[in-house]
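*Asks:* What follows is the file data.json, containing JSON, C-alpha atoms:
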[["chain", "number", "residue", "atom", "x", "y", "z"],
["X", 63, "MET", "CA", 12.87, -30.12, 23.97],
["X", 64, "ASP", "CA", 14.01, -26.83, 22.49],
["X", 65, "PRO", "CA", 11.59, -23.97, 23.28],
["X", 66, "LEU", "CA", 12.53, -22.12, 20.07],
["X", 67, "ARG", "CA", 11.55, -25.14, 17.98],
["X", 68, "THR", "CA", 8.19, -25.25, 19.73],
["X", 69, "ILE", "CA", 7.65, -21.55, 19.07],
["X", 70, "ASP", "CA", 8.56, -22.03, 15.39],
["X", 71, "GLN", "CA", 6.09, -24.89, 15.08],
["X", 72, "ALA", "CA", 3.35, -22.88, 16.81],
["X", 73, "ILE", "CA", 3.92, -19.95, 14.45],
["X", 74, "ALA", "CA", 3.80, -22.28, 11.44],
["X", 75, "VAL", "CA", 0.52, -23.81, 12.62],
["X", 76, "ILE", "CA", -1.01, -20.38, 13.29],
["X", 77, "PHE", "CA", 0.09, -19.18, 9.84],
["X", 78, "TYR", "CA", -1.35, -22.32, 8.22],
["X", 79, "ILE", "CA", -4.72, -22.03, 9.98],
["X", 80, "GLY", "CA", -4.90, -18.27, 9.38],
["X", 81, "SER", "CA", -4.17, -18.63, 5.68],
["X", 82, "ALA", "CA", -6.72, -21.40, 5.30],
["X", 83, "SER", "CA", -9.31, -19.29, 7.13],
["X", 84, "VAL", "CA", -8.75, -16.29, 4.88],
["X", 85, "THR", "CA", -9.04, -18.49, 1.79],
["X", 86, "ALA", "CA", -12.25, -20.04, 3.08],
["X", 87, "PHE", "CA", -13.68, -16.62, 3.95],
["X", 88, "LEU", "CA", -12.93, -15.20, 0.50],
["X", 89, "THR", "CA", -14.42, -18.26, -1.19],
["X", 90, "ALA", "CA", -17.56, -17.90, 0.94],
["X", 91, "LEU", "CA", -17.82, -14.24, -0.06],
["X", 92, "PHE", "CA", -17.54, -15.15, -3.74],
["X", 93, "ILE", "CA", -20.28, -17.75, -3.34],
["X", 94, "HIS", "CA", -22.58, -15.58, -1.23],
["X", 95, "TYR", "CA", -22.45, -12.46, -3.34],
["X", 96, "GLY", "CA", -22.32, -14.31, -6.65],
["X", 97, "LEU", "CA", -19.53, -12.30, -8.19],
["X", 98, "ASP", "CA", -20.01, -14.18, -11.48],
["X", 99, "VAL", "CA", -17.37, -16.69, -10.50],
["X", 100, "ALA", "CA", -18.01, -20.17, -11.85],
["X", 101, "PRO", "CA", -18.15, -22.97, -9.26],
["X", 102, "GLY", "CA", -15.41, -24.85, -11.12],
["X", 103, "VAL", "CA", -13.08, -21.90, -10.69],
["X", 104, "LEU", "CA", -13.78, -21.83, -6.96],
["X", 105, "ARG", "CA", -13.06, -25.55, -6.65],
["X", 106, "LEU", "CA", -9.82, -25.15, -8.58],
["X", 107, "ASP", "CA", -8.86, -22.15, -6.45],
["X", 108, "ALA", "CA", -9.54, -24.10, -3.27],
["X", 109, "LEU", "CA", -7.48, -27.04, -4.53],
["X", 110, "ILE", "CA", -4.53, -24.82, -5.48],
["X", 111, "ALA", "CA", -4.71, -22.88, -2.20],
["X", 112, "ALA", "CA", -4.82, -26.09, -0.15],
["X", 113, "GLY", "CA", -1.83, -27.48, -2.04],
["X", 114, "LEU", "CA", 0.22, -24.31, -1.61],
["X", 115, "LEU", "CA", -0.63, -24.05, 2.07],
["X", 116, "GLY", "CA", 0.30, -27.69, 2.57],
["X", 117, "VAL", "CA", 3.68, -27.14, 0.89],
["X", 118, "ALA", "CA", 4.30, -23.98, 2.95],
["X", 119, "PHE", "CA", 3.45, -25.87, 6.14],
["X", 120, "LEU", "CA", 5.77, -28.75, 5.26],
["X", 121, "LEU", "CA", 8.60, -26.34, 4.41],
["X", 122, "ALA", "CA", 8.14, -24.51, 7.70],
["X", 123, "MET", "CA", 8.20, -27.75, 9.64],
["X", 124, "ALA", "CA", 11.22, -29.06, 7.70],
["X", 125, "SER", "CA", 13.19, -25.86, 8.28],
["X", 126, "SER", "CA", 12.32, -25.96, 11.97],
["X", 127, "HIS", "CA", 13.43, -29.58, 12.18],
["X", 128, "GLY", "CA", 16.59, -28.88, 10.16],
["X", 129, "GLU", "CA", 17.75, -26.20, 12.58],
["X", 130, "GLU", "CA", 17.66, -28.70, 15.45],
["X", 131, "GLU", "CA", 20.25, -31.03, 13.94]]
Is it possible to give me this structure as structure tokens?
*Replies:*
Amino acid sequence: MDPLRTIDQAIAVIFYIGSASVTAFLTALFIHYGLDVAPGVLRLDALIAAGLLGVAFLLAMASSHGEEE
């Protein structure tokens, strides 16, 4: 097992969890302080953010796997 591949995967997971946490925190702030943001907009934002983070995670994992071969 290549240690650099493991490090790349760990960094990708940390980035994914960190990005999701920041998105969740900002959404909670919008809800808590009622910044006149409609709930539908928050749901759409959460859906888009989850999709983009998922794609970024898959690309990071694919590039890490591609370097091994």
*Asks:* Need the shell around X:Val117: protein/DNA/RNA residues with any atom at most 12 Å away, counting only C-alpha atoms. Skip same-chain ones fewer than 6 positions apart. Format as a PyMOL selection string?
*Replies:* chain X and resi 74+78+110-111+123-124
*Asks:* Could you list, as an MDAnalysis selection string, every residue within 8 Å of stretch 83-99 of chain X, counting only C-alpha atoms and ignoring same-chain residues fewer than 4 positions away?
*Replies:* chainID X and resid 79 103:104 108 111
*Asks:* Residues within 12 Å of (1.2, -25.8, 6.1), file coordinates, counting all atoms listed in the file: what are they? Give the list as a PDB file with C-alpha atoms, in the frame of the given file.
*Replies:*
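Done, and the output landed in out.pdb:
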ATOM      1  CA  GLN X  71       6.090 -24.890  15.080  1.00  0.00           C
ATOM      2  CA  ALA X  72       3.350 -22.880  16.810  1.00  0.00           C
ATOM      3  CA  ILE X  73       3.920 -19.950  14.450  1.00  0.00           C
ATOM      4  CA  ALA X  74       3.800 -22.280  11.440  1.00  0.00           C
ATOM      5  CA  VAL X  75       0.520 -23.810  12.620  1.00  0.00           C
ATOM      6  CA  ILE X  76      -1.010 -20.380  13.290  1.00  0.00           C
ATOM      7  CA  PHE X  77       0.090 -19.180   9.840  1.00  0.00           C
ATOM      8  CA  TYR X  78      -1.350 -22.320   8.220  1.00  0.00           C
ATOM      9  CA  ILE X  79      -4.720 -22.030   9.980  1.00  0.00           C
ATOM     10  CA  GLY X  80      -4.900 -18.270   9.380  1.00  0.00           C
ATOM     11  CA  SER X  81      -4.170 -18.630   5.680  1.00  0.00           C
ATOM     12  CA  ALA X  82      -6.720 -21.400   5.300  1.00  0.00           C
ATOM     13  CA  ALA X 111      -4.710 -22.880  -2.200  1.00  0.00           C
ATOM     14  CA  ALA X 112      -4.820 -26.090  -0.150  1.00  0.00           C
ATOM     15  CA  GLY X 113      -1.830 -27.480  -2.040  1.00  0.00           C
ATOM     16  CA  LEU X 114       0.220 -24.310  -1.610  1.00  0.00           C
ATOM     17  CA  LEU X 115      -0.630 -24.050   2.070  1.00  0.00           C
ATOM     18  CA  GLY X 116       0.300 -27.690   2.570  1.00  0.00           C
ATOM     19  CA  VAL X 117       3.680 -27.140   0.890  1.00  0.00           C
ATOM     20  CA  ALA X 118       4.300 -23.980   2.950  1.00  0.00           C
ATOM     21  CA  PHE X 119       3.450 -25.870   6.140  1.00  0.00           C
ATOM     22  CA  LEU X 120       5.770 -28.750   5.260  1.00  0.00           C
ATOM     23  CA  LEU X 121       8.600 -26.340   4.410  1.00  0.00           C
ATOM     24  CA  ALA X 122       8.140 -24.510   7.700  1.00  0.00           C
ATOM     25  CA  MET X 123       8.200 -27.750   9.640  1.00  0.00           C
ATOM     26  CA  ALA X 124      11.220 -29.060   7.700  1.00  0.00           C
TER      27      ALA X 124
END
